[in-house]
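First the structure, in the form of structure tokens, and then the observations on it.
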Amino acid sequence: MRTIALGSAMLLLMACGGSTPARTQYLLRADNPERTLRVASPARVGIARVSIAPYLHQSGIVVETETGEVRPAHHHRWAEPLEDGLLLFLRTELSTALGVEVGIDRAMRSQWEYAVRIFVEELHGTMSGRAVLVASFRIERQGANPETAAYRFVRSRALGDEGYDALVAAQRDLGRELARSMADGLRELGLAP
């Protein structure tokens, strides 16, 4: 009898184990069309910091299920810490928008003419099929005439399809818009190509 019970338990565990959905991990990376950018040494513009709201400090992609209620996905996750992915993504997109390479090397920060600091307050999907990005950023012009400008970016975008792939694609699109807004702010402060 004990052998039958143990065998039944093993079969049940194997059956449950086989039905677990596959885990999908996403990289937040810019599309890299072939391009050539001017690389100055040292970079004139750098991203000094990207920080995120506490609710985003986990690997599951977040969806707002009701107003003020969010849930991270169990099987759809960022492949790396979101702050790191955002830093690399925004660097590439800002470089593309400006036409020059943007730095992220903290050791070179003292040589930047412009430093950008970004705080992502919201980055999630909604049950109504939208992606949301709310961020604030500051641009600090260094040097003889220092100046700081602060901006707030609030956008949402309808998903092109259902599912997490579509959510991540919409979040990338919103990230590109954020990078273009940062480029516009840098030009307002006097950055010339």
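We name chains A, B, ... following the order of the structure tokens; residues begin at 1 in each chain, and ligands are numbered from 1 as shown.
Using only C-alpha atoms, the contacts of stretch 56-65 of chain A at a cut-off of 7 Å, with sequence neighbours closer than 6 positions omitted, comprise Arg71, Pro72, Ala73, His74, His76, Arg77, Trp78, Pro81, His124, Gly125, Thr126 and Met127 of chain A.
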(Q) as a list of chain:residue names, please: the residues near stretch 89-104 of chain A (cut-off 7 Å, only C-alpha atoms, same-chain neighbours under 5 positions excluded). (A)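 Residues meeting the cut-off are A:Leu28, A:Arg29, A:Ala30, A:Leu37, A:Arg38, A:Val39, A:Ala43, A:Val45, A:Gly46, A:Ile47, A:Ala48, A:Gly175, A:Arg176, A:Ala179, A:Arg180, A:Ala183.
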Using only N, CA, C and O atoms, please write the residues we just selected to a file, as an mmCIF file, in the first residue's frame.
data_model
loop_
_atom_site.group_PDB
_atom_site.id
_atom_site.type_symbol
_atom_site.label_atom_id
_atom_site.label_comp_id
_atom_site.auth_asym_id
_atom_site.auth_seq_id
_atom_site.Cartn_x
_atom_site.Cartn_y
_atom_site.Cartn_z
ATOM 1 N N LEU A 28 15.699 44.946 -22.057
ATOM 2 C CA LEU A 28 15.266 46.268 -22.494
ATOM 3 C C LEU A 28 16.432 46.858 -23.274
ATOM 4 O O LEU A 28 17.362 47.434 -22.706
ATOM 5 N N ARG A 29 16.409 46.656 -24.567
ATOM 6 C CA ARG A 29 17.481 47.137 -25.430
ATOM 7 C C ARG A 29 16.881 47.898 -26.597
ATOM 8 O O ARG A 29 15.798 47.590 -27.073
ATOM 9 N N ALA A 30 17.635 48.856 -27.069
ATOM 10 C CA ALA A 30 17.231 49.623 -28.239
ATOM 11 C C ALA A 30 17.438 48.768 -29.479
ATOM 12 O O ALA A 30 18.316 47.897 -29.507
ATOM 13 N N LEU A 37 27.971 56.951 -35.047
ATOM 14 C CA LEU A 37 27.829 58.151 -34.240
ATOM 15 C C LEU A 37 29.201 58.733 -33.981
ATOM 16 O O LEU A 37 30.191 58.008 -33.886
ATOM 17 N N ARG A 38 29.219 60.044 -33.841
ATOM 18 C CA ARG A 38 30.470 60.707 -33.496
ATOM 19 C C ARG A 38 30.774 60.400 -32.038
ATOM 20 O O ARG A 38 29.936 60.590 -31.162
ATOM 21 N N VAL A 39 31.958 59.900 -31.774
ATOM 22 C CA VAL A 39 32.364 59.590 -30.410
ATOM 23 C C VAL A 39 33.435 60.591 -30.013
ATOM 24 O O VAL A 39 34.517 60.615 -30.591
ATOM 25 N N ALA A 43 33.104 62.085 -23.512
ATOM 26 C CA ALA A 43 31.757 62.425 -23.946
ATOM 27 C C ALA A 43 31.352 63.771 -23.349
ATOM 28 O O ALA A 43 31.699 64.090 -22.217
ATOM 29 N N VAL A 45 28.116 64.670 -23.047
ATOM 30 C CA VAL A 45 26.859 64.428 -22.342
ATOM 31 C C VAL A 45 26.945 63.057 -21.682
ATOM 32 O O VAL A 45 27.440 62.103 -22.283
ATOM 33 N N GLY A 46 26.454 62.978 -20.459
ATOM 34 C CA GLY A 46 26.440 61.688 -19.784
ATOM 35 C C GLY A 46 25.182 61.498 -18.964
ATOM 36 O O GLY A 46 24.569 62.472 -18.524
ATOM 37 N N ILE A 47 24.782 60.254 -18.811
ATOM 38 C CA ILE A 47 23.680 59.925 -17.916
ATOM 39 C C ILE A 47 24.309 59.613 -16.566
ATOM 40 O O ILE A 47 25.009 58.611 -16.406
ATOM 41 N N ALA A 48 24.070 60.505 -15.615
ATOM 42 C CA ALA A 48 24.680 60.374 -14.298
ATOM 43 C C ALA A 48 23.979 59.321 -13.458
ATOM 44 O O ALA A 48 24.620 58.637 -12.659
ATOM 45 N N GLY A 175 10.065 54.655 -24.062
ATOM 46 C CA GLY A 175 11.444 54.987 -23.705
ATOM 47 C C GLY A 175 12.118 55.825 -24.779
ATOM 48 O O GLY A 175 12.876 56.755 -24.475
ATOM 49 N N ARG A 176 11.831 55.519 -26.052
ATOM 50 C CA ARG A 176 12.375 56.332 -27.155
ATOM 51 C C ARG A 176 11.849 57.765 -27.086
ATOM 52 O O ARG A 176 12.584 58.717 -27.305
ATOM 53 N N ALA A 179 13.696 59.586 -24.402
ATOM 54 C CA ALA A 179 15.037 59.969 -24.863
ATOM 55 C C ALA A 179 14.967 61.190 -25.781
ATOM 56 O O ALA A 179 15.803 62.092 -25.692
ATOM 57 N N ARG A 180 13.971 61.240 -26.669
ATOM 58 C CA ARG A 180 13.828 62.420 -27.538
ATOM 59 C C ARG A 180 13.509 63.666 -26.724
ATOM 60 O O ARG A 180 13.997 64.759 -27.026
ATOM 61 N N ALA A 183 16.725 64.823 -25.275
ATOM 62 C CA ALA A 183 17.525 65.487 -26.315
ATOM 63 C C ALA A 183 17.032 66.904 -26.551
ATOM 64 O O ALA A 183 17.840 67.837 -26.665
#
Q: For atom CA of A:Ser110 and atom CA of A:Arg49, determine how far apart the two atoms are, in Å to one decimal place.
A: 13.9 Å
Q: Could you pull out the residues in stretch 1-179 of chain A that DSSP calls helix (DSSP H, G or I) from the backbone, as a VMD selection string?
A: chain A and resid 2 to 18 54 to 56 82 to 98 106 to 111 164 to 179
Q.
If we count only C-alpha atoms and set the cut-off at 12 Å, which residues sit around A:Gly190, ignoring sequence neighbours fewer than 6 positions away in its own chain? Please answer as a count of residues only.
A. 14
Q | Near-stretch 120-123 of chain A list (6 Å; only C-alpha atoms; drop same-chain fewer than 5 positions) as an MDAnalysis selection string | A | chainID A and resid 52:53 132:135
Q) Leaving out A:Arg152 and any residue of its chain fewer than 3 positions from it, which residues lie within 10 Å of it when counting only C-alpha atoms, given as number ranges by chain? A) A: 118-119, 134-138, 178, 181
Restricting it to all heavy atoms, dump the selection as a PDB file, in the first residue's frame.
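Ended up saving to part26.pdb:
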ATOM      1  N   ILE A 118      17.768  60.733 -14.145  1.00  0.00           N
ATOM      2  CA  ILE A 118      16.428  60.269 -14.497  1.00  0.00           C
ATOM      3  C   ILE A 118      15.836  59.474 -13.343  1.00  0.00           C
ATOM      4  O   ILE A 118      16.516  58.616 -12.760  1.00  0.00           O
ATOM      5  CB  ILE A 118      16.488  59.375 -15.759  1.00  0.00           C
ATOM      6  CG1 ILE A 118      17.180  60.102 -16.900  1.00  0.00           C
ATOM      7  CG2 ILE A 118      15.101  58.891 -16.161  1.00  0.00           C
ATOM      8  CD1 ILE A 118      17.963  59.208 -17.810  1.00  0.00           C
ATOM      9  N   PHE A 119      14.570  59.749 -13.044  1.00  0.00           N
ATOM     10  CA  PHE A 119      13.830  58.963 -12.058  1.00  0.00           C
ATOM     11  C   PHE A 119      12.556  58.455 -12.720  1.00  0.00           C
ATOM     12  O   PHE A 119      11.717  59.243 -13.157  1.00  0.00           O
ATOM     13  CB  PHE A 119      13.484  59.784 -10.821  1.00  0.00           C
ATOM     14  CG  PHE A 119      12.635  59.028  -9.826  1.00  0.00           C
ATOM     15  CD1 PHE A 119      13.108  57.862  -9.232  1.00  0.00           C
ATOM     16  CD2 PHE A 119      11.369  59.467  -9.502  1.00  0.00           C
ATOM     17  CE1 PHE A 119      12.330  57.155  -8.327  1.00  0.00           C
ATOM     18  CE2 PHE A 119      10.577  58.770  -8.581  1.00  0.00           C
ATOM     19  CZ  PHE A 119      11.068  57.607  -8.001  1.00  0.00           C
ATOM     20  N   VAL A 134       5.963  57.156 -16.607  1.00  0.00           N
ATOM     21  CA  VAL A 134       6.015  58.463 -15.951  1.00  0.00           C
ATOM     22  C   VAL A 134       7.421  58.614 -15.407  1.00  0.00           C
ATOM     23  O   VAL A 134       7.905  57.748 -14.668  1.00  0.00           O
ATOM     24  CB  VAL A 134       4.979  58.574 -14.809  1.00  0.00           C
ATOM     25  CG1 VAL A 134       5.105  59.920 -14.104  1.00  0.00           C
ATOM     26  CG2 VAL A 134       3.565  58.363 -15.343  1.00  0.00           C
ATOM     27  N   ALA A 135       8.089  59.690 -15.795  1.00  0.00           N
ATOM     28  CA  ALA A 135       9.463  59.906 -15.357  1.00  0.00           C
ATOM     29  C   ALA A 135       9.713  61.388 -15.169  1.00  0.00           C
ATOM     30  O   ALA A 135       9.033  62.231 -15.763  1.00  0.00           O
ATOM     31  CB  ALA A 135      10.445  59.335 -16.386  1.00  0.00           C
ATOM     32  N   SER A 136      10.682  61.699 -14.348  1.00  0.00           N
ATOM     33  CA  SER A 136      11.168  63.068 -14.248  1.00  0.00           C
ATOM     34  C   SER A 136      12.664  63.002 -14.546  1.00  0.00           C
ATOM     35  O   SER A 136      13.318  61.997 -14.279  1.00  0.00           O
ATOM     36  CB  SER A 136      10.888  63.658 -12.869  1.00  0.00           C
ATOM     37  OG  SER A 136      11.404  62.839 -11.853  1.00  0.00           O
ATOM     38  N   PHE A 137      13.162  64.058 -15.153  1.00  0.00           N
ATOM     39  CA  PHE A 137      14.602  64.104 -15.402  1.00  0.00           C
ATOM     40  C   PHE A 137      15.115  65.515 -15.220  1.00  0.00           C
ATOM     41  O   PHE A 137      14.399  66.489 -15.419  1.00  0.00           O
ATOM     42  CB  PHE A 137      14.971  63.517 -16.771  1.00  0.00           C
ATOM     43  CG  PHE A 137      14.406  64.222 -17.967  1.00  0.00           C
ATOM     44  CD1 PHE A 137      15.140  65.188 -18.634  1.00  0.00           C
ATOM     45  CD2 PHE A 137      13.155  63.893 -18.457  1.00  0.00           C
ATOM     46  CE1 PHE A 137      14.622  65.818 -19.754  1.00  0.00           C
ATOM     47  CE2 PHE A 137      12.629  64.513 -19.574  1.00  0.00           C
ATOM     48  CZ  PHE A 137      13.367  65.486 -20.224  1.00  0.00           C
ATOM     49  N   ARG A 138      16.371  65.590 -14.795  1.00  0.00           N
ATOM     50  CA  ARG A 138      17.069  66.862 -14.607  1.00  0.00           C
ATOM     51  C   ARG A 138      18.289  66.867 -15.494  1.00  0.00           C
ATOM     52  O   ARG A 138      19.005  65.870 -15.597  1.00  0.00           O
ATOM     53  CB  ARG A 138      17.503  67.024 -13.160  1.00  0.00           C
ATOM     54  CG  ARG A 138      16.388  67.328 -12.232  1.00  0.00           C
ATOM     55  CD  ARG A 138      16.845  67.539 -10.809  1.00  0.00           C
ATOM     56  NE  ARG A 138      18.234  67.950 -10.710  1.00  0.00           N
ATOM     57  CZ  ARG A 138      18.946  67.866  -9.606  1.00  0.00           C
ATOM     58  NH1 ARG A 138      18.418  67.399  -8.511  1.00  0.00           N
ATOM     59  NH2 ARG A 138      20.204  68.256  -9.578  1.00  0.00           N
ATOM     60  N   LEU A 178      10.892  59.302 -24.380  1.00  0.00           N
ATOM     61  CA  LEU A 178      11.580  59.926 -23.252  1.00  0.00           C
ATOM     62  C   LEU A 178      12.965  60.404 -23.674  1.00  0.00           C
ATOM     63  O   LEU A 178      13.367  61.526 -23.363  1.00  0.00           O
ATOM     64  CB  LEU A 178      11.674  58.950 -22.075  1.00  0.00           C
ATOM     65  CG  LEU A 178      12.511  59.389 -20.876  1.00  0.00           C
ATOM     66  CD1 LEU A 178      11.989  60.688 -20.268  1.00  0.00           C
ATOM     67  CD2 LEU A 178      12.554  58.274 -19.824  1.00  0.00           C
ATOM     68  N   SER A 181      12.711  63.527 -25.664  1.00  0.00           N
ATOM     69  CA  SER A 181      12.422  64.666 -24.786  1.00  0.00           C
ATOM     70  C   SER A 181      13.688  65.148 -24.088  1.00  0.00           C
ATOM     71  O   SER A 181      13.912  66.350 -23.931  1.00  0.00           O
ATOM     72  CB  SER A 181      11.373  64.295 -23.739  1.00  0.00           C
ATOM     73  OG  SER A 181      10.123  64.091 -24.342  1.00  0.00           O
TER      74      SER A 181
END
